[in-house]
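Student: So that you have it, the file is final-v6.txt, and it contains compact mmCIF, C-alpha atoms:
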```txt
# COMPACT_ATOMS: atom_id res chain seq x y z
CA MET C 1 5.62 -92.83 -132.46
CA SER C 2 5.71 -93.52 -128.74
CA PRO C 3 7.76 -91.23 -126.49
CA VAL C 4 10.11 -94.06 -125.54
CA ALA C 5 10.92 -94.82 -129.17
CA ASP C 6 11.36 -91.09 -129.70
CA VAL C 7 14.02 -90.94 -126.98
CA PHE C 8 15.85 -93.87 -128.56
CA GLU C 9 15.80 -92.03 -131.88
CA VAL C 10 17.49 -89.04 -130.25
CA ILE C 11 20.26 -90.82 -128.32
CA ARG C 12 23.15 -91.84 -130.48
CA LEU C 13 23.92 -95.56 -130.61
CA SER C 14 27.31 -95.05 -128.92
CA ASP C 15 25.59 -93.23 -126.06
CA GLN C 16 23.07 -96.06 -125.70
CA VAL C 17 26.02 -98.45 -125.39
CA TRP C 18 27.57 -96.12 -122.79
CA PHE C 19 24.42 -96.09 -120.68
CA LEU C 20 24.18 -99.89 -120.92
CA PHE C 21 27.71 -100.44 -119.59
CA ALA C 22 27.51 -97.59 -117.06
CA THR C 23 24.39 -99.26 -115.67
CA LEU C 24 26.27 -102.56 -115.55
CA ALA C 25 29.13 -100.92 -113.64
CA GLY C 26 26.83 -99.07 -111.26
CA VAL C 27 24.58 -102.05 -110.54
CA GLY C 28 27.62 -104.27 -110.07
CA ALA C 29 29.15 -101.80 -107.63
CA ALA C 30 25.87 -101.54 -105.73
CA GLY C 31 25.66 -105.33 -105.56
CA ALA C 32 29.22 -105.53 -104.25
CA ALA C 33 28.45 -102.85 -101.68
CA PHE C 34 25.12 -104.16 -100.41
CA SER C 35 25.19 -107.95 -100.79
CA LYS C 36 25.13 -109.90 -97.54
CA ASN C 37 26.89 -112.84 -99.18
CA LEU C 38 30.61 -112.48 -99.82
CA VAL C 39 30.55 -114.72 -102.90
CA TYR C 40 27.71 -112.68 -104.44
CA SER C 41 29.70 -109.56 -103.57
CA ALA C 42 32.73 -110.89 -105.46
CA PHE C 43 30.63 -111.78 -108.52
CA ALA C 44 28.95 -108.35 -108.45
CA LEU C 45 32.45 -106.87 -108.42
CA LEU C 46 33.08 -108.93 -111.58
CA ALA C 47 30.13 -107.17 -113.28
CA ALA C 48 31.38 -103.75 -112.13
CA LEU C 49 34.93 -104.41 -113.38
CA PHE C 50 33.58 -105.67 -116.70
CA GLY C 51 31.48 -102.53 -117.10
CA VAL C 52 34.49 -100.33 -116.33
CA ALA C 53 36.55 -102.25 -118.91
CA ALA C 54 33.84 -101.63 -121.50
CA LEU C 55 33.87 -97.91 -120.65
CA PHE C 56 37.66 -97.88 -121.14
CA ALA C 57 37.08 -99.35 -124.61
CA TRP C 58 34.42 -96.66 -125.17
CA LEU C 59 37.08 -94.03 -124.42
CA SER C 60 39.31 -95.70 -127.06
CA ALA C 61 41.60 -96.93 -124.27
CA ASP C 62 41.56 -100.43 -125.75
CA TYR C 63 44.86 -101.52 -124.20
CA LEU C 64 43.61 -100.50 -120.76
CA ALA C 65 40.34 -102.33 -121.36
CA ILE C 66 42.16 -105.57 -122.14
CA THR C 67 44.52 -105.03 -119.19
CA GLN C 68 41.52 -104.48 -116.93
CA LEU C 69 39.98 -107.75 -118.12
CA ILE C 70 43.17 -109.78 -117.79
CA VAL C 71 44.55 -108.34 -114.55
CA TYR C 72 41.35 -107.57 -112.64
CA VAL C 73 38.86 -110.14 -113.86
CA GLY C 74 41.41 -112.85 -114.58
CA GLY C 75 43.76 -112.24 -111.68
CA ILE C 76 42.54 -110.16 -108.77
CA LEU C 77 38.98 -111.50 -108.78
CA VAL C 78 40.18 -115.09 -108.81
CA LEU C 79 42.47 -114.21 -105.89
CA PHE C 80 39.42 -112.82 -104.06
CA LEU C 81 37.42 -115.98 -104.69
CA PHE C 82 40.35 -118.11 -103.47
CA ALA C 83 40.56 -116.02 -100.31
CA VAL C 84 36.81 -116.38 -99.76
CA MET C 85 36.93 -120.13 -100.22
CA LEU C 86 40.03 -120.56 -98.04
CA THR C 87 38.81 -118.44 -95.15
CA ASN C 88 35.11 -119.40 -94.94
CA ARG C 89 33.80 -122.85 -94.49
CA ILE C 90 31.46 -123.50 -97.39
CA THR C 91 28.44 -123.70 -95.09
CA GLU C 92 29.21 -120.28 -93.62
CA VAL C 93 29.16 -118.42 -96.93
CA GLU C 94 25.53 -117.41 -96.27
CA GLY C 95 25.69 -114.20 -94.25
CA SER C 96 29.47 -114.19 -94.57
CA ASN C 97 29.63 -110.46 -95.22
CA PRO C 98 28.13 -108.82 -92.15
CA VAL C 99 27.52 -105.08 -92.07
CA VAL C 100 28.48 -102.88 -89.14
CA GLY C 101 27.71 -99.20 -88.63
CA ALA C 102 25.58 -98.76 -91.73
CA GLN C 103 24.06 -95.38 -90.85
CA PRO C 104 27.25 -93.37 -90.19
CA ALA C 105 28.91 -94.99 -93.17
CA ALA C 106 25.91 -94.10 -95.34
CA VAL C 107 26.09 -90.49 -94.13
CA VAL C 108 29.81 -90.28 -94.91
CA SER C 109 29.58 -91.89 -98.34
CA LEU C 110 26.49 -89.89 -99.30
CA GLY C 111 28.32 -86.73 -98.29
CA VAL C 112 31.32 -87.71 -100.40
CA PHE C 113 29.02 -88.59 -103.29
CA GLY C 114 27.16 -85.29 -103.05
CA MET C 115 30.38 -83.29 -103.04
CA LEU C 116 31.93 -85.21 -105.95
CA ALA C 117 28.74 -85.15 -108.02
CA TYR C 118 28.23 -81.43 -107.38
CA VAL C 119 31.80 -80.64 -108.46
CA ALA C 120 31.52 -82.91 -111.50
CA VAL C 121 28.23 -81.45 -112.73
CA SER C 122 28.62 -77.78 -111.83
CA THR C 123 32.18 -77.19 -113.00
CA ASP C 124 32.60 -75.76 -116.48
CA TRP C 125 35.18 -78.25 -117.74
CA LYS C 126 37.40 -77.09 -120.59
CA THR C 127 36.85 -80.05 -122.85
CA LEU C 128 38.46 -80.63 -126.20
CA PRO C 129 36.24 -80.95 -129.25
CA VAL C 130 35.79 -84.70 -129.64
CA THR C 131 37.01 -85.44 -133.13
CA SER C 132 37.46 -89.14 -133.63
CA ARG C 133 38.74 -92.16 -131.82
CA PHE C 134 42.48 -91.75 -131.46
CA GLU C 135 45.03 -94.52 -131.46
CA THR C 136 46.35 -95.33 -127.98
CA THR C 137 48.08 -98.71 -127.83
CA ALA C 138 51.26 -98.01 -129.80
CA PRO C 139 51.80 -94.48 -128.35
CA LEU C 140 51.24 -95.95 -124.88
CA GLY C 141 54.05 -98.43 -125.48
CA ASP C 142 56.31 -95.61 -126.69
CA LEU C 143 55.52 -93.53 -123.60
CA LEU C 144 56.21 -96.43 -121.23
CA LEU C 145 59.64 -96.96 -122.76
CA SER C 146 60.62 -93.28 -123.03
CA THR C 147 58.99 -90.67 -120.78
CA TYR C 148 57.76 -93.06 -118.11
CA LEU C 149 60.65 -95.54 -118.26
CA LEU C 150 61.87 -94.98 -114.69
CA PRO C 151 58.42 -95.37 -113.02
CA PHE C 152 57.79 -98.39 -115.25
CA GLU C 153 60.99 -100.10 -114.09
CA ILE C 154 60.41 -99.18 -110.43
CA LEU C 155 56.89 -100.56 -110.74
CA SER C 156 58.14 -103.86 -112.10
CA VAL C 157 60.49 -104.18 -109.10
CA VAL C 158 57.61 -103.26 -106.76
CA ILE C 159 55.27 -105.90 -108.14
CA LEU C 160 58.02 -108.55 -108.14
CA GLY C 161 58.83 -107.80 -104.53
CA SER C 162 55.20 -107.72 -103.46
CA LEU C 163 54.37 -111.02 -105.16
CA VAL C 164 57.38 -112.75 -103.59
CA GLY C 165 56.38 -111.24 -100.25
CA ALA C 166 52.82 -112.46 -100.70
CA VAL C 167 54.02 -116.01 -101.32
CA VAL C 168 56.28 -115.88 -98.25
CA MET C 169 53.47 -114.58 -96.04
CA ALA C 170 50.75 -116.91 -97.28
CA ARG C 171 52.59 -120.23 -97.05
CA LYS C 172 52.24 -122.33 -93.96
CA GLU C 173 55.11 -122.10 -91.46
CA MET C 174 57.56 -124.93 -91.89
CA LYS C 175 57.81 -126.99 -88.73
CA ASP C 176 61.40 -128.23 -88.34
CA MET R 1 15.80 -80.88 -127.28
CA ASP R 2 17.40 -79.04 -124.36
CA GLN R 3 16.28 -81.46 -121.70
CA LEU R 4 17.81 -84.26 -123.77
CA ALA R 5 21.30 -82.78 -123.52
CA ILE R 6 21.78 -84.90 -120.42
CA LEU R 7 21.56 -87.93 -122.69
CA GLN R 8 24.57 -86.80 -124.74
CA VAL R 9 27.45 -88.60 -123.05
CA GLY R 10 30.31 -86.30 -122.08
CA LEU R 11 32.95 -85.83 -119.43
CA LYS R 12 30.36 -85.12 -116.72
CA HIS R 13 28.75 -88.50 -117.21
CA PHE R 14 32.04 -90.23 -116.53
CA LEU R 15 32.74 -88.07 -113.49
CA PHE R 16 29.26 -88.77 -112.13
CA LEU R 17 29.64 -92.53 -112.63
CA ALA R 18 33.05 -92.38 -110.95
CA ALA R 19 31.47 -90.52 -108.01
CA VAL R 20 28.86 -93.30 -107.73
CA LEU R 21 31.52 -96.02 -107.73
CA PHE R 22 33.73 -94.09 -105.30
CA SER R 23 30.99 -93.54 -102.74
CA LEU R 24 29.81 -97.15 -103.00
CA GLY R 25 33.44 -98.17 -102.45
CA THR R 26 33.81 -95.99 -99.37
CA TYR R 27 30.51 -97.36 -98.03
CA THR R 28 31.82 -100.90 -98.54
CA VAL R 29 35.14 -100.13 -96.85
CA LEU R 30 33.42 -98.51 -93.88
CA THR R 31 30.75 -101.13 -93.26
CA ARG R 32 32.34 -104.52 -93.90
CA ARG R 33 33.61 -106.59 -91.03
CA ASN R 34 34.96 -109.27 -93.33
CA ALA R 35 38.49 -108.28 -94.44
CA VAL R 36 37.90 -109.58 -97.99
CA GLY R 37 34.77 -107.42 -98.20
CA VAL R 38 36.85 -104.37 -97.28
CA LEU R 39 39.28 -105.21 -100.10
CA ILE R 40 36.38 -105.40 -102.57
CA GLY R 41 35.50 -101.82 -101.57
CA VAL R 42 39.09 -100.72 -102.14
CA GLU R 43 38.97 -102.14 -105.66
CA LEU R 44 35.80 -100.12 -106.36
CA VAL R 45 37.52 -96.92 -105.21
CA LEU R 46 40.56 -97.61 -107.40
CA ASN R 47 38.32 -98.25 -110.41
CA ALA R 48 36.52 -94.95 -109.85
CA ALA R 49 39.87 -93.17 -109.90
CA ASN R 50 40.83 -95.01 -113.09
CA ILE R 51 37.61 -93.93 -114.84
CA ASN R 52 38.41 -90.33 -113.96
CA LEU R 53 42.00 -90.58 -115.20
CA VAL R 54 41.03 -92.06 -118.56
CA ALA R 55 38.05 -89.73 -119.03
CA PHE R 56 40.17 -86.63 -118.37
CA SER R 57 42.80 -88.02 -120.72
CA TYR R 58 40.20 -88.38 -123.47
CA TYR R 59 38.16 -85.23 -122.97
CA VAL R 60 40.54 -82.64 -121.49
CA THR R 61 44.23 -83.22 -122.20
CA GLY R 62 44.12 -85.33 -125.35
CA THR R 63 47.37 -86.97 -124.30
CA LEU R 64 48.07 -90.40 -122.86
CA GLY R 65 49.40 -89.45 -119.43
CA GLY R 66 46.14 -90.51 -117.82
CA HIS R 67 46.32 -93.90 -119.49
CA VAL R 68 49.83 -94.44 -118.13
CA PHE R 69 48.70 -93.54 -114.63
CA ALA R 70 45.64 -95.78 -114.91
CA LEU R 71 47.93 -98.62 -115.99
CA PHE R 72 50.16 -97.98 -112.96
CA VAL R 73 47.10 -97.94 -110.72
CA ILE R 74 46.01 -101.33 -112.08
CA VAL R 75 49.46 -102.80 -111.41
CA ILE R 76 49.59 -101.33 -107.90
CA ALA R 77 46.09 -102.71 -107.30
CA ALA R 78 47.29 -106.17 -108.31
CA ALA R 79 50.25 -105.92 -105.92
CA GLU R 80 47.99 -104.61 -103.16
CA ALA R 81 45.44 -107.39 -103.64
CA ALA R 82 48.14 -110.08 -103.56
CA ILE R 83 49.75 -108.67 -100.38
CA ALA R 84 46.44 -108.02 -98.63
CA LEU R 85 45.05 -111.47 -99.37
CA ALA R 86 48.30 -113.05 -98.18
CA ILE R 87 47.93 -111.11 -94.93
CA VAL R 88 44.29 -112.23 -94.71
CA LEU R 89 45.34 -115.87 -95.09
CA ALA R 90 48.09 -115.46 -92.48
CA ILE R 91 45.60 -113.86 -90.08
CA PHE R 92 43.14 -116.67 -90.70
CA GLN R 93 45.79 -119.27 -89.87
CA ASN R 94 46.52 -117.55 -86.56
CA PHE R 95 43.08 -116.31 -85.46
CA LYS R 96 40.71 -118.70 -87.34
CA THR R 97 38.67 -115.64 -88.33
CA ILE R 98 38.98 -112.67 -90.67
CA ASP R 99 36.40 -110.55 -88.89
CA ALA R 100 38.24 -107.23 -88.65
CA THR R 101 36.55 -106.38 -85.32
CA LYS R 102 37.81 -109.54 -83.60
CA ILE R 103 41.50 -109.21 -84.47
CA ASP R 104 42.47 -107.04 -81.52
CA VAL R 105 45.24 -108.81 -79.59
CA MET R 106 47.29 -105.59 -79.59
CA ARG R 107 44.47 -103.61 -77.96
CA ASN R 108 45.41 -102.21 -74.48
```
Can you give me the file's structure in the form of structure tokens?
Tutor:
Amino acid sequence: MSPVADVFEVIRLSDQVWFLFATLAGVGAAGAAFSKNLVYSAFALLAALFGVAALFAWLSADYLAITQLIVYVGGILVLFLFAVMLTNRITEVEGSNPVVGAQPAAVVSLGVFGMLAYVAVSTDWKTLPVTSRFETTAPLGDLLLSTYLLPFEILSVVILGSLVGAVVMARKEMKD
Amino acid sequence: MDQLAILQVGLKHFLFLAAVLFSLGTYTVLTRRNAVGVLIGVELVLNAANINLVAFSYYVTGTLGGHVFALFVIVIAAAEAAIALAIVLAIFQNFKTIDATKIDVMRN
């Protein structure tokens, strides 16, 4: 048996799926961060968001996974593409995402990454024994309408206000 | 088998992936001159935070508080994206550009 096949024997199938979608999320994020073309950047963000949604499903957060797909991929990403199309002439999309100050930004983000990764790997996290996939959707609904009812209602007012505000700001000024 | 323990997915894997997404997001925010590109970086940062919230909820607390917060973060991100893109469109109508380094009429 070849060593590669041996490794695949050892990793559980669920972990193989995890590595697949983690790679999708990481590569998508890298594409969004490094692409020179804003449209490619937006589509790479699509891959990253899809990978994160799959990881939510992996963590048995199925409601969050579906919300991520509907709100992010279906809503926010389409908004981004609209903004790209409305603010760049189609011929200018090439090189539409110029980079400024790459070296200091790389130093800062590598420093942040090193710190976060060091803390994540070196800390002895008190984890629960993973038993089985637990149900989340129905308890989440109960929580939103009992413990978290006040933040939930405030949040609905916030998003209503912000969407109305967005419409008011984005429309063209009426000439009278 | 000991060197293969890194291939058993656990909390640290999620935290490491979130660190990757977070630092890529900060890099995007810091380097982009296009305002929409900056917003793409902000979305990456918010997603990294969401991964952490849900992973801690699954591995550490065993309760759903992290899910609720992740849901709130998604909703706030939607509101933020709508507002920010509306501002971007309004800026584009006035300045004919969304290059963040050229929008400086209030300088001096």
Student: Kindly give the distance, in Å, that separates atom CA of C:Leu45 and atom CA of C:Leu79, rounded to a single decimal.
Tutor: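 Answer for the atom CA of C:Leu45 to atom CA of C:Leu79 separation: 12.7 Å.
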Student: Which distance in Å separates atom CA of C:Phe82 and atom CA of C:Ile154, to one decimal?
Tutor: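 The value is 28.4 Å.
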Student: Go through C:Ser35, C:Thr23, C:Ser162, C:Thr137 and flag the residue nearest chain R, using only C-alpha atoms for the distances.
Tutor: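 Of the candidates, the smallest distance to chain R is held by C:Ser162.
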Student: Show me, as a PyMOL selection string, the residues that have an atom within 8 Å of R:Ala18 when counting all atoms listed in the file, minus same-chain residues fewer than 2 positions from it.
Tutor: chain R and resi 14-16+20-22+47-49+51-52
Student: Could you check which of R:Ile6, R:Val45, R:Ala86, R:Val105 is closest to chain C, using only C-alpha atoms?
Tutor: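 Closest to chain C, using only C-alpha atoms: R:Ala86.
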Student: Any idea which chain C residues end up within 7 Å of chain R if we count all atoms listed in the file, as a PDB file with C-alpha atoms, in the frame of the given file please?
Tutor:
```
ATOM      1  CA  ILE C  11      20.260 -90.820-128.320  1.00  0.00           C
ATOM      2  CA  ASP C  15      25.590 -93.230-126.060  1.00  0.00           C
ATOM      3  CA  GLY C  26      26.830 -99.070-111.260  1.00  0.00           C
ATOM      4  CA  ALA C  29      29.150-101.800-107.630  1.00  0.00           C
ATOM      5  CA  ALA C  30      25.870-101.540-105.730  1.00  0.00           C
ATOM      6  CA  ALA C  33      28.450-102.850-101.680  1.00  0.00           C
ATOM      7  CA  LEU C  38      30.610-112.480 -99.820  1.00  0.00           C
ATOM      8  CA  LEU C  59      37.080 -94.030-124.420  1.00  0.00           C
ATOM      9  CA  LEU C  64      43.610-100.500-120.760  1.00  0.00           C
ATOM     10  CA  ILE C  76      42.540-110.160-108.770  1.00  0.00           C
ATOM     11  CA  ALA C  83      40.560-116.020-100.310  1.00  0.00           C
ATOM     12  CA  THR C  87      38.810-118.440 -95.150  1.00  0.00           C
ATOM     13  CA  ASN C  97      29.630-110.460 -95.220  1.00  0.00           C
ATOM     14  CA  PRO C  98      28.130-108.820 -92.150  1.00  0.00           C
ATOM     15  CA  VAL C  99      27.520-105.080 -92.070  1.00  0.00           C
ATOM     16  CA  VAL C 100      28.480-102.880 -89.140  1.00  0.00           C
ATOM     17  CA  GLY C 101      27.710 -99.200 -88.630  1.00  0.00           C
ATOM     18  CA  ALA C 102      25.580 -98.760 -91.730  1.00  0.00           C
ATOM     19  CA  ALA C 105      28.910 -94.990 -93.170  1.00  0.00           C
ATOM     20  CA  ALA C 106      25.910 -94.100 -95.340  1.00  0.00           C
ATOM     21  CA  SER C 109      29.580 -91.890 -98.340  1.00  0.00           C
ATOM     22  CA  LEU C 110      26.490 -89.890 -99.300  1.00  0.00           C
ATOM     23  CA  VAL C 112      31.320 -87.710-100.400  1.00  0.00           C
ATOM     24  CA  PHE C 113      29.020 -88.590-103.290  1.00  0.00           C
ATOM     25  CA  LEU C 116      31.930 -85.210-105.950  1.00  0.00           C
ATOM     26  CA  ALA C 117      28.740 -85.150-108.020  1.00  0.00           C
ATOM     27  CA  ALA C 120      31.520 -82.910-111.500  1.00  0.00           C
ATOM     28  CA  VAL C 121      28.230 -81.450-112.730  1.00  0.00           C
ATOM     29  CA  LYS C 126      37.400 -77.090-120.590  1.00  0.00           C
ATOM     30  CA  THR C 127      36.850 -80.050-122.850  1.00  0.00           C
ATOM     31  CA  LEU C 128      38.460 -80.630-126.200  1.00  0.00           C
ATOM     32  CA  LEU C 140      51.240 -95.950-124.880  1.00  0.00           C
ATOM     33  CA  ILE C 159      55.270-105.900-108.140  1.00  0.00           C
ATOM     34  CA  SER C 162      55.200-107.720-103.460  1.00  0.00           C
ATOM     35  CA  LEU C 163      54.370-111.020-105.160  1.00  0.00           C
ATOM     36  CA  ALA C 166      52.820-112.460-100.700  1.00  0.00           C
ATOM     37  CA  MET C 169      53.470-114.580 -96.040  1.00  0.00           C
ATOM     38  CA  ALA C 170      50.750-116.910 -97.280  1.00  0.00           C
TER      39      ALA C 170
END
```
Student: Just the number, please: distance in Å from atom CA of C:Leu155 to atom CA of C:Ala48, one decimal.
Tutor: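 Distance between the two atoms: 25.7 Å.
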Student: Which residue gives the smallest distance to C:Ala57 among C:Val27, C:Val17, C:Tyr40, C:Val73, with all atoms listed in the file counted?
Tutor: C:Val17
